[in-house]
>>> print(open('final.tsv').read())   # TSV, C-alpha atoms
chain	number	residue	atom	x	y	z
A	30	MET	CA	0.00	0.00	0.00
A	31	LYS	CA	1.24	3.47	-0.93
A	32	THR	CA	-0.11	6.67	0.58
A	33	ILE	CA	0.16	10.44	0.21
A	34	TYR	CA	-1.07	12.78	2.94
A	35	HIS	CA	-2.38	16.32	2.45
A	36	ALA	CA	-3.04	18.34	5.60
A	37	ALA	CA	-6.02	20.68	5.50
A	38	ASP	CA	-3.83	23.74	6.10
A	39	SER	CA	-1.46	22.77	3.25
A	40	ARG	CA	-4.13	23.45	0.62
A	41	GLY	CA	-4.16	26.42	-1.72
A	42	ASP	CA	-6.09	29.41	-0.43
A	43	ALA	CA	-8.26	31.92	-2.33
A	44	ASN	CA	-10.22	34.71	-0.69
A	45	HIS	CA	-12.30	36.99	-2.92
A	46	GLY	CA	-14.57	38.28	-0.15
A	47	TRP	CA	-17.78	36.76	-1.52
A	48	LEU	CA	-15.89	33.51	-2.19
A	49	LYS	CA	-13.45	31.67	0.04
A	50	SER	CA	-11.98	28.51	-1.41
A	51	ARG	CA	-9.38	25.93	-0.40
A	52	HIS	CA	-7.79	23.91	-3.21
A	53	THR	CA	-6.47	20.40	-2.51
A	54	PHE	CA	-4.87	20.38	-5.98
A	55	SER	CA	-3.55	23.10	-8.28
A	56	PHE	CA	-6.35	25.38	-9.44
A	57	ALA	CA	-6.66	28.95	-10.73
A	58	ASN	CA	-3.95	31.07	-9.07
A	59	TYR	CA	-2.75	28.19	-6.87
A	60	HIS	CA	-0.10	26.19	-8.71
A	61	ASN	CA	1.95	23.45	-7.06
A	62	PRO	CA	3.67	21.04	-9.49
A	63	GLU	CA	3.53	18.34	-6.80
A	64	ARG	CA	-0.24	18.80	-6.37
A	65	MET	CA	-1.66	18.35	-9.87
A	66	GLY	CA	-4.24	15.74	-8.86
A	67	PHE	CA	-4.53	12.12	-7.80
A	68	GLY	CA	-4.89	9.81	-10.79
A	69	ALA	CA	-8.03	10.86	-12.68
A	70	LEU	CA	-9.05	13.09	-9.75
A	71	ARG	CA	-8.05	16.58	-10.85
A	72	VAL	CA	-9.77	19.10	-8.52
A	73	ILE	CA	-11.16	19.16	-4.99
A	74	ASN	CA	-12.32	22.68	-4.16
A	75	ASP	CA	-13.79	23.41	-0.73
A	76	ASP	CA	-15.92	26.49	-1.44
A	77	PHE	CA	-17.73	29.01	0.76
A	78	VAL	CA	-19.99	31.58	-0.94
A	79	ILE	CA	-21.88	34.33	0.90
A	80	GLY	CA	-25.61	34.89	0.38
A	81	GLY	CA	-26.70	36.30	-2.97
A	82	GLN	CA	-23.32	35.77	-4.68
A	83	GLY	CA	-21.77	33.13	-6.89
A	84	PHE	CA	-20.01	32.16	-10.12
A	85	GLY	CA	-21.55	33.75	-13.22
A	86	LYS	CA	-21.77	32.00	-16.57
A	87	HIS	CA	-18.57	30.20	-17.54
A	88	SER	CA	-17.70	27.27	-19.78
A	89	HIS	CA	-16.08	23.84	-19.43
A	90	ARG	CA	-15.10	21.04	-21.81
A	91	ASP	CA	-14.21	17.36	-21.39
A	92	MET	CA	-14.50	17.17	-17.61
A	93	GLU	CA	-16.80	15.41	-15.14
A	94	ILE	CA	-17.79	18.05	-12.57
A	95	ILE	CA	-19.39	16.97	-9.29
A	96	SER	CA	-20.94	19.36	-6.74
A	97	ILE	CA	-21.85	18.34	-3.19
A	98	PRO	CA	-23.42	21.03	-0.95
A	99	LEU	CA	-22.37	20.64	2.69
A	100	SER	CA	-24.60	23.39	4.09
A	101	GLY	CA	-27.01	25.84	2.49
A	102	LYS	CA	-28.27	25.74	-1.10
A	103	LEU	CA	-26.51	25.96	-4.45
A	104	GLY	CA	-28.27	27.55	-7.42
A	105	HIS	CA	-27.57	26.01	-10.84
A	106	GLY	CA	-28.31	27.09	-14.41
A	107	ASP	CA	-26.83	25.97	-17.75
A	108	ASN	CA	-27.18	26.28	-21.50
A	109	ILE	CA	-28.60	22.77	-22.06
A	110	GLY	CA	-31.88	23.51	-20.33
A	111	ASN	CA	-31.16	22.33	-16.80
A	112	ILE	CA	-32.14	24.52	-13.88
A	113	GLY	CA	-31.98	22.03	-11.05
A	114	ASN	CA	-34.92	20.03	-9.76
A	115	ILE	CA	-37.20	22.80	-8.52
A	116	GLY	CA	-38.75	24.77	-11.36
A	117	ASN	CA	-36.90	27.93	-12.28
A	118	ASN	CA	-35.13	28.08	-8.93
A	119	GLY	CA	-32.55	25.48	-9.97
A	120	ILE	CA	-31.61	24.56	-6.41
A	121	ILE	CA	-29.17	21.85	-5.32
A	122	GLU	CA	-29.76	21.32	-1.61
A	123	THR	CA	-27.58	19.92	1.14
A	124	GLY	CA	-28.04	16.14	1.00
A	125	GLU	CA	-27.97	16.09	-2.81
A	126	ILE	CA	-25.18	15.36	-5.29
A	127	GLN	CA	-25.03	16.87	-8.78
A	128	VAL	CA	-22.88	15.99	-11.77
A	129	MET	CA	-22.25	17.59	-15.16
A	130	SER	CA	-20.47	15.87	-18.02
A	131	ALA	CA	-19.05	18.89	-19.83
A	132	GLY	CA	-18.11	16.92	-22.94
A	133	THR	CA	-18.22	19.00	-26.12
A	134	GLY	CA	-18.89	22.10	-24.03
A	135	ILE	CA	-21.26	23.41	-21.39
A	136	THR	CA	-21.87	26.89	-20.03
A	137	HIS	CA	-23.24	27.10	-16.51
A	138	SER	CA	-23.56	29.29	-13.45
A	139	GLU	CA	-23.31	28.35	-9.77
A	140	MET	CA	-24.86	30.85	-7.41
A	141	ASN	CA	-25.73	30.79	-3.77
A	142	GLY	CA	-29.35	29.64	-3.81
A	143	ASP	CA	-30.23	31.92	-0.89
A	144	ASP	CA	-29.93	35.69	-0.51
A	145	LYS	CA	-28.83	35.55	3.13
A	146	GLU	CA	-27.54	32.12	4.16
A	147	ASP	CA	-23.98	31.12	3.23
A	148	VAL	CA	-23.44	28.00	1.16
A	149	LYS	CA	-20.56	25.56	1.61
A	150	PHE	CA	-19.95	22.96	-1.08
A	151	LEU	CA	-17.33	20.68	-2.58
A	152	GLN	CA	-16.65	20.93	-6.29
A	153	ILE	CA	-14.73	17.96	-7.66
A	154	TRP	CA	-13.39	17.44	-11.17
A	155	VAL	CA	-12.65	14.00	-12.61
A	156	ILE	CA	-10.90	13.57	-15.96
A	157	PRO	CA	-13.26	11.49	-18.17
A	158	ASN	CA	-12.41	8.32	-20.07
A	159	LYS	CA	-14.40	9.53	-23.11
A	160	MET	CA	-13.89	12.89	-24.79
A	161	ASN	CA	-16.40	14.94	-26.80
A	162	VAL	CA	-19.45	13.32	-25.23
A	163	GLU	CA	-22.85	15.03	-25.35
A	164	PRO	CA	-23.09	17.36	-22.32
A	165	ARG	CA	-25.37	16.03	-19.57
A	166	TYR	CA	-26.64	16.93	-16.12
A	167	GLN	CA	-27.83	14.76	-13.21
A	168	GLN	CA	-28.90	15.48	-9.65
A	169	VAL	CA	-30.06	13.03	-6.95
A	170	ARG	CA	-30.92	13.04	-3.26
A	171	MET	CA	-28.65	10.84	-1.17
A	172	ASP	CA	-30.98	10.34	1.84
A	173	GLU	CA	-32.40	7.01	0.66
A	174	ILE	CA	-28.99	5.44	0.05
A	175	MET	CA	-27.21	6.75	3.17
A	176	GLN	CA	-26.94	4.07	5.86
A	177	PRO	CA	-25.14	5.05	9.11
A	178	ASN	CA	-21.59	3.77	9.67
A	179	GLU	CA	-21.29	2.54	6.09
A	180	PHE	CA	-19.46	3.66	2.95
A	181	ASN	CA	-22.53	4.46	0.81
A	182	GLN	CA	-22.01	4.62	-2.95
A	183	VAL	CA	-23.13	7.97	-4.36
A	184	LEU	CA	-21.36	7.90	-7.77
A	185	SER	CA	-20.29	5.17	-10.19
A	186	PRO	CA	-19.64	4.47	-13.91
A	187	ASN	CA	-23.06	2.84	-14.21
A	188	ALA	CA	-26.35	4.65	-14.81
A	189	ASP	CA	-28.31	1.83	-13.13
A	190	ASP	CA	-26.32	1.92	-9.87
A	191	ALA	CA	-26.95	3.97	-6.73
A	192	GLY	CA	-26.24	7.69	-6.99
A	193	VAL	CA	-25.11	9.61	-10.05
A	194	TRP	CA	-22.88	8.28	-12.84
A	195	ILE	CA	-19.92	9.67	-14.79
A	196	HIS	CA	-17.79	8.82	-17.83
A	197	GLN	CA	-14.99	7.21	-15.81
A	198	ASN	CA	-14.16	3.98	-13.98
A	199	ALA	CA	-14.71	5.78	-10.68
A	200	TRP	CA	-16.80	5.29	-7.55
A	201	PHE	CA	-17.51	7.83	-4.80
A	202	SER	CA	-18.83	6.82	-1.38
A	203	MET	CA	-19.92	8.91	1.60
A	204	GLY	CA	-20.68	8.03	5.18
A	205	ASP	CA	-21.48	9.38	8.62
A	206	PHE	CA	-19.59	7.39	11.22
A	207	ASP	CA	-19.91	7.16	14.99
A	208	LYS	CA	-16.92	7.30	17.32
A	209	ASN	CA	-15.14	3.94	17.79
A	210	VAL	CA	-16.58	2.40	14.60
A	211	THR	CA	-14.16	0.47	12.36
A	212	GLN	CA	-15.04	0.05	8.70
A	213	THR	CA	-13.23	-1.55	5.76
A	214	TYR	CA	-13.48	-0.39	2.14
A	215	GLU	CA	-12.90	-2.84	-0.71
A	216	LEU	CA	-11.79	-1.21	-3.95
A	217	LYS	CA	-14.12	-1.84	-6.89
A	218	ASP	CA	-11.06	-2.04	-9.17
A	219	PRO	CA	-7.70	-3.04	-7.60
A	220	ASN	CA	-5.91	-0.93	-10.25
A	221	ASN	CA	-7.60	2.19	-8.89
A	222	GLY	CA	-6.58	4.36	-5.97
A	223	VAL	CA	-8.79	5.99	-3.34
A	224	TYR	CA	-8.62	9.57	-2.10
A	225	ILE	CA	-10.08	9.92	1.39
A	226	PHE	CA	-11.39	13.38	2.30
A	227	VAL	CA	-12.54	13.95	5.86
A	228	ILE	CA	-15.41	16.45	5.76
A	229	SER	CA	-15.61	16.53	9.55
A	230	GLY	CA	-14.35	14.58	12.53
A	231	LYS	CA	-11.26	12.44	13.04
A	232	VAL	CA	-10.26	9.04	11.66
A	233	VAL	CA	-7.14	6.87	11.39
A	234	VAL	CA	-6.26	5.05	8.16
A	235	ASN	CA	-3.08	2.98	7.87
A	236	ASP	CA	-1.49	4.78	10.86
A	237	ASN	CA	-2.37	8.18	9.33
A	238	THR	CA	-4.50	10.38	11.58
A	239	LEU	CA	-6.87	12.51	9.50
A	240	ASN	CA	-8.70	15.50	10.96
A	241	THR	CA	-11.36	17.74	9.41
A	242	ARG	CA	-10.58	18.59	5.75
A	243	ASP	CA	-7.41	16.45	5.70
A	244	GLY	CA	-6.90	14.19	2.67
A	245	LEU	CA	-5.11	10.88	2.13
A	246	GLY	CA	-4.48	9.14	-1.19
A	247	ILE	CA	-4.08	5.34	-1.12
A	248	TRP	CA	-3.11	3.00	-3.95
A	249	ASP	CA	-1.48	-0.39	-4.61
A	250	THR	CA	-3.97	-2.12	-2.31
A	251	LYS	CA	-7.24	-4.04	-2.59
A	252	ASN	CA	-8.73	-2.56	0.59
A	253	PHE	CA	-8.09	-0.42	3.64
A	254	THR	CA	-9.54	-0.08	7.15
A	255	MET	CA	-10.65	3.14	8.81
A	256	ASP	CA	-10.89	3.59	12.58
A	257	VAL	CA	-13.18	6.41	13.69
A	258	ILE	CA	-11.71	8.45	16.57
A	259	ASP	CA	-14.41	11.17	16.72
A	260	ASP	CA	-17.81	11.21	14.96
A	261	ALA	CA	-16.91	11.76	11.31
A	262	LYS	CA	-18.31	12.47	7.83
A	263	VAL	CA	-16.04	11.02	5.15
A	264	LEU	CA	-15.97	11.14	1.34
A	265	LEU	CA	-14.10	8.44	-0.61
A	266	MET	CA	-13.16	9.01	-4.25
A	267	GLU	CA	-11.97	5.84	-6.02
A	268	VAL	CA	-10.41	6.69	-9.38
A	269	PRO	CA	-8.04	5.19	-11.97
A	270	MET	CA	-4.39	5.96	-11.30
>>> encode(input="final.tsv", output="structure tokens")
Amino acid sequence: MKTIYHAADSRGDANHGWLKSRHTFSFANYHNPERMGFGALRVINDDFVIGGQGFGKHSHRDMEIISIPLSGKLGHGDNIGNIGNIGNNGIIETGEIQVMSAGTGITHSEMNGDDKEDVKFLQIWVIPNKMNVEPRYQQVRMDEIMQPNEFNQVLSPNADDAGVWIHQNAWFSMGDFDKNVTQTYELKDPNNGVYIFVISGKVVVNDNTLNTRDGLGIWDTKNFTMDVIDDAKVLLMEVPM
């Protein structure tokens, strides 16, 4: 088993007033040649946007873009006719996961879905295994698939599986874990690696202690075990290396 550890406070930092963002990997004005991604996982941005603000229309190509609100609401609009699940409001709520396959090109906006309440969300980019696909959008609630103290699949390569799907041999899992729980994750593909991102709490994986917003990449293994030290919310991103 090989590992690489990224402390929360080692991430890139951007503060634009209305937007505060921490970048696990190189992004925008943060460039670190040793932090260009983890396999097919290219971006993990930990974003905070104040009420009534957001990212205006901008374009992407050939990227799988996943958004996971952690608190508050995210407003979405794009040029392929998607405005979220709720009429013209286009809201992605905490407890949902949204994906866009940018493919041949998509223009979208991401705004705070509330005028007053802040929104915190993760935006994650995965390099696809197919280029020039037709742009697509998908959004699902995770409540029904979230079992306590389990790694619950929320993303896969398969449209018929739990959660959303993307154009890549990748699986994401999320879980809320109680203190003193031990859980093992079996990789879906032993050639993949897994990036563990601790949203909150404290866990130990392979003698690495991970606190809130710490990350750990693991590869060259079929599985790993996580010991929960304090109640924790954890996101696993299994991707080709």
>>> closest_residue(input="final.tsv", among="A:Val183, A:Asp143, A:Met30, A:Gly230", to="A:Thr250", atoms="all atoms listed in the file")
A:Met30
>>> closest_atom_pairs(input="final.tsv", of="stretch 46-148 of chain A", to="stretch 194-204 of chain A", cutoff="12 Å", atoms="only C-alpha atoms", output="Markdown table")
| residue | atom | partner | partner_atom | distance |
| --- | --- | --- | --- | --- |
| A:Gly68 | CA | A:Ala199 | CA | 10.6 |
| A:Ala69 | CA | A:Gln197 | CA | 8.5 |
| A:Leu70 | CA | A:Ala199 | CA | 9.3 |
| A:Asp91 | CA | A:His196 | CA | 9.9 |
| A:Met92 | CA | A:His196 | CA | 9.0 |
| A:Glu93 | CA | A:Ile195 | CA | 6.5 |
| A:Ile94 | CA | A:Ile195 | CA | 8.9 |
| A:Ile95 | CA | A:Ile195 | CA | 9.2 |
| A:Ile97 | CA | A:Met203 | CA | 10.8 |
| A:Gly124 | CA | A:Met203 | CA | 10.9 |
| A:Glu125 | CA | A:Met203 | CA | 11.7 |
| A:Ile126 | CA | A:Trp194 | CA | 10.6 |
| A:Gln127 | CA | A:Trp194 | CA | 9.7 |
| A:Val128 | CA | A:Ile195 | CA | 7.6 |
| A:Met129 | CA | A:Ile195 | CA | 8.3 |
| A:Ser130 | CA | A:Ile195 | CA | 7.0 |
| A:Ala131 | CA | A:His196 | CA | 10.3 |
| A:Gly132 | CA | A:His196 | CA | 9.6 |
>>> write_last_selection(input="final.tsv", atoms="C-alpha atoms", output="short mmCIF file (atom, residue, chain, number, x, y, z; two decimals), in the frame of the given file")
data_model
loop_
_atom_site.label_atom_id
_atom_site.label_comp_id
_atom_site.auth_asym_id
_atom_site.auth_seq_id
_atom_site.Cartn_x
_atom_site.Cartn_y
_atom_site.Cartn_z
CA GLY A 68 -4.89 9.81 -10.79
CA ALA A 69 -8.03 10.86 -12.68
CA LEU A 70 -9.05 13.09 -9.75
CA ASP A 91 -14.21 17.36 -21.39
CA MET A 92 -14.50 17.17 -17.61
CA GLU A 93 -16.80 15.41 -15.14
CA ILE A 94 -17.79 18.05 -12.57
CA ILE A 95 -19.39 16.97 -9.29
CA ILE A 97 -21.85 18.34 -3.19
CA GLY A 124 -28.04 16.14 1.00
CA GLU A 125 -27.97 16.09 -2.81
CA ILE A 126 -25.18 15.36 -5.29
CA GLN A 127 -25.03 16.87 -8.78
CA VAL A 128 -22.88 15.99 -11.77
CA MET A 129 -22.25 17.59 -15.16
CA SER A 130 -20.47 15.87 -18.02
CA ALA A 131 -19.05 18.89 -19.83
CA GLY A 132 -18.11 16.92 -22.94
#
>>> residues_near_point(input="final.tsv", point="(-10.9, 6.9, 9.8)", cutoff="10 Å", atoms="only C-alpha atoms", output="short mmCIF file (atom, residue, chain, number, x, y, z; two decimals) with C-alpha atoms, in the coordinates of the input")
data_model
loop_
_atom_site.label_atom_id
_atom_site.label_comp_id
_atom_site.auth_asym_id
_atom_site.auth_seq_id
_atom_site.Cartn_x
_atom_site.Cartn_y
_atom_site.Cartn_z
CA PHE A 206 -19.59 7.39 11.22
CA LYS A 208 -16.92 7.30 17.32
CA ASN A 209 -15.14 3.94 17.79
CA VAL A 210 -16.58 2.40 14.60
CA THR A 211 -14.16 0.47 12.36
CA GLN A 212 -15.04 0.05 8.70
CA THR A 213 -13.23 -1.55 5.76
CA ILE A 225 -10.08 9.92 1.39
CA PHE A 226 -11.39 13.38 2.30
CA VAL A 227 -12.54 13.95 5.86
CA GLY A 230 -14.35 14.58 12.53
CA LYS A 231 -11.26 12.44 13.04
CA VAL A 232 -10.26 9.04 11.66
CA VAL A 233 -7.14 6.87 11.39
CA VAL A 234 -6.26 5.05 8.16
CA ASN A 235 -3.08 2.98 7.87
CA ASP A 236 -1.49 4.78 10.86
CA ASN A 237 -2.37 8.18 9.33
CA THR A 238 -4.50 10.38 11.58
CA LEU A 239 -6.87 12.51 9.50
CA ASN A 240 -8.70 15.50 10.96
CA PHE A 253 -8.09 -0.42 3.64
CA THR A 254 -9.54 -0.08 7.15
CA MET A 255 -10.65 3.14 8.81
CA ASP A 256 -10.89 3.59 12.58
CA VAL A 257 -13.18 6.41 13.69
CA ILE A 258 -11.71 8.45 16.57
CA ASP A 259 -14.41 11.17 16.72
CA ASP A 260 -17.81 11.21 14.96
CA ALA A 261 -16.91 11.76 11.31
CA LYS A 262 -18.31 12.47 7.83
CA VAL A 263 -16.04 11.02 5.15
#
>>> closest_residue(input="final.tsv", among="A:Asn181, A:Ser88, A:Gly119, A:Ile153", to="A:Val72", atoms="only C-alpha atoms")
A:Ile153
>>> atom_distance(input="final.tsv", atom1="atom CA of A:Asn220", atom2="atom CA of A:Val193")
21.9 Å
>>> closest_residue(input="final.tsv", among="A:Val162, A:Tyr214, A:Arg90, A:Leu99", to="A:Glu179", atoms="all atoms listed in the file")
A:Tyr214
>>> residues_around(input="final.tsv", residues="A:Leu103", least_positions_apart="5", cutoff="10 Å", atoms="all atoms listed in the file", output="PDB file with C-alpha atoms, in the coordinates of the input")
ATOM      1  CA  VAL A  78     -19.990  31.580  -0.940  1.00  0.00           C
ATOM      2  CA  GLY A  83     -21.770  33.130  -6.890  1.00  0.00           C
ATOM      3  CA  SER A  96     -20.940  19.360  -6.740  1.00  0.00           C
ATOM      4  CA  ILE A  97     -21.850  18.340  -3.190  1.00  0.00           C
ATOM      5  CA  PRO A  98     -23.420  21.030  -0.950  1.00  0.00           C
ATOM      6  CA  GLY A 113     -31.980  22.030 -11.050  1.00  0.00           C
ATOM      7  CA  ASN A 118     -35.130  28.080  -8.930  1.00  0.00           C
ATOM      8  CA  GLY A 119     -32.550  25.480  -9.970  1.00  0.00           C
ATOM      9  CA  ILE A 120     -31.610  24.560  -6.410  1.00  0.00           C
ATOM     10  CA  ILE A 121     -29.170  21.850  -5.320  1.00  0.00           C
ATOM     11  CA  GLU A 122     -29.760  21.320  -1.610  1.00  0.00           C
ATOM     12  CA  THR A 123     -27.580  19.920   1.140  1.00  0.00           C
ATOM     13  CA  GLU A 139     -23.310  28.350  -9.770  1.00  0.00           C
ATOM     14  CA  MET A 140     -24.860  30.850  -7.410  1.00  0.00           C
ATOM     15  CA  ASN A 141     -25.730  30.790  -3.770  1.00  0.00           C
ATOM     16  CA  GLY A 142     -29.350  29.640  -3.810  1.00  0.00           C
ATOM     17  CA  ASP A 143     -30.230  31.920  -0.890  1.00  0.00           C
ATOM     18  CA  ASP A 147     -23.980  31.120   3.230  1.00  0.00           C
ATOM     19  CA  VAL A 148     -23.440  28.000   1.160  1.00  0.00           C
ATOM     20  CA  LYS A 149     -20.560  25.560   1.610  1.00  0.00           C
ATOM     21  CA  PHE A 150     -19.950  22.960  -1.080  1.00  0.00           C
TER      22      PHE A 150
END
>>> closest_residue(input="final.tsv", among="A:Trp47, A:Trp154, A:Tyr166, A:Trp248", to="A:Ile135", atoms="only C-alpha atoms")
A:Tyr166
>>> closest_residue(input="final.tsv", among="A:Phe54, A:Gly81, A:Lys49, A:Glu215", to="A:Phe180", atoms="only C-alpha atoms")
A:Glu215
>>> axis_aligned_box(input="final.tsv", around="stretch 169-172 of chain A", padding_each_side="8 Å", output="JSON")
{"center_x": -29.8, "center_y": 11.7, "center_z": -2.6, "size_x": 18.3, "size_y": 18.7, "size_z": 24.8}
>>> atom_distance(input="final.tsv", atom1="atom CA of A:Arg242", atom2="atom CA of A:Met266")
14.1 Å
>>> atom_distance(input="final.tsv", atom1="atom CA of A:Asn158", atom2="atom CA of A:Arg71")
13.1 Å
>>> residues_around(input="final.tsv", residues="stretch 31-34 of chain A", least_positions_apart="4", cutoff="7 Å", atoms="all atoms listed in the file", output="list in words")
Gly244, Leu245, Gly246, Ile247, Trp248 and Asp249 of chain A
>>> closest_residue(input="final.tsv", among="A:Asp189, A:Glu146, A:Asp207, A:Asp243", to="A:Phe77", atoms="all atoms listed in the file")
A:Glu146
>>> residues_around(input="final.tsv", residues="A:Glu63", least_positions_apart="3", cutoff="12 Å", atoms="all atoms listed in the file", output="count of residues only")
10
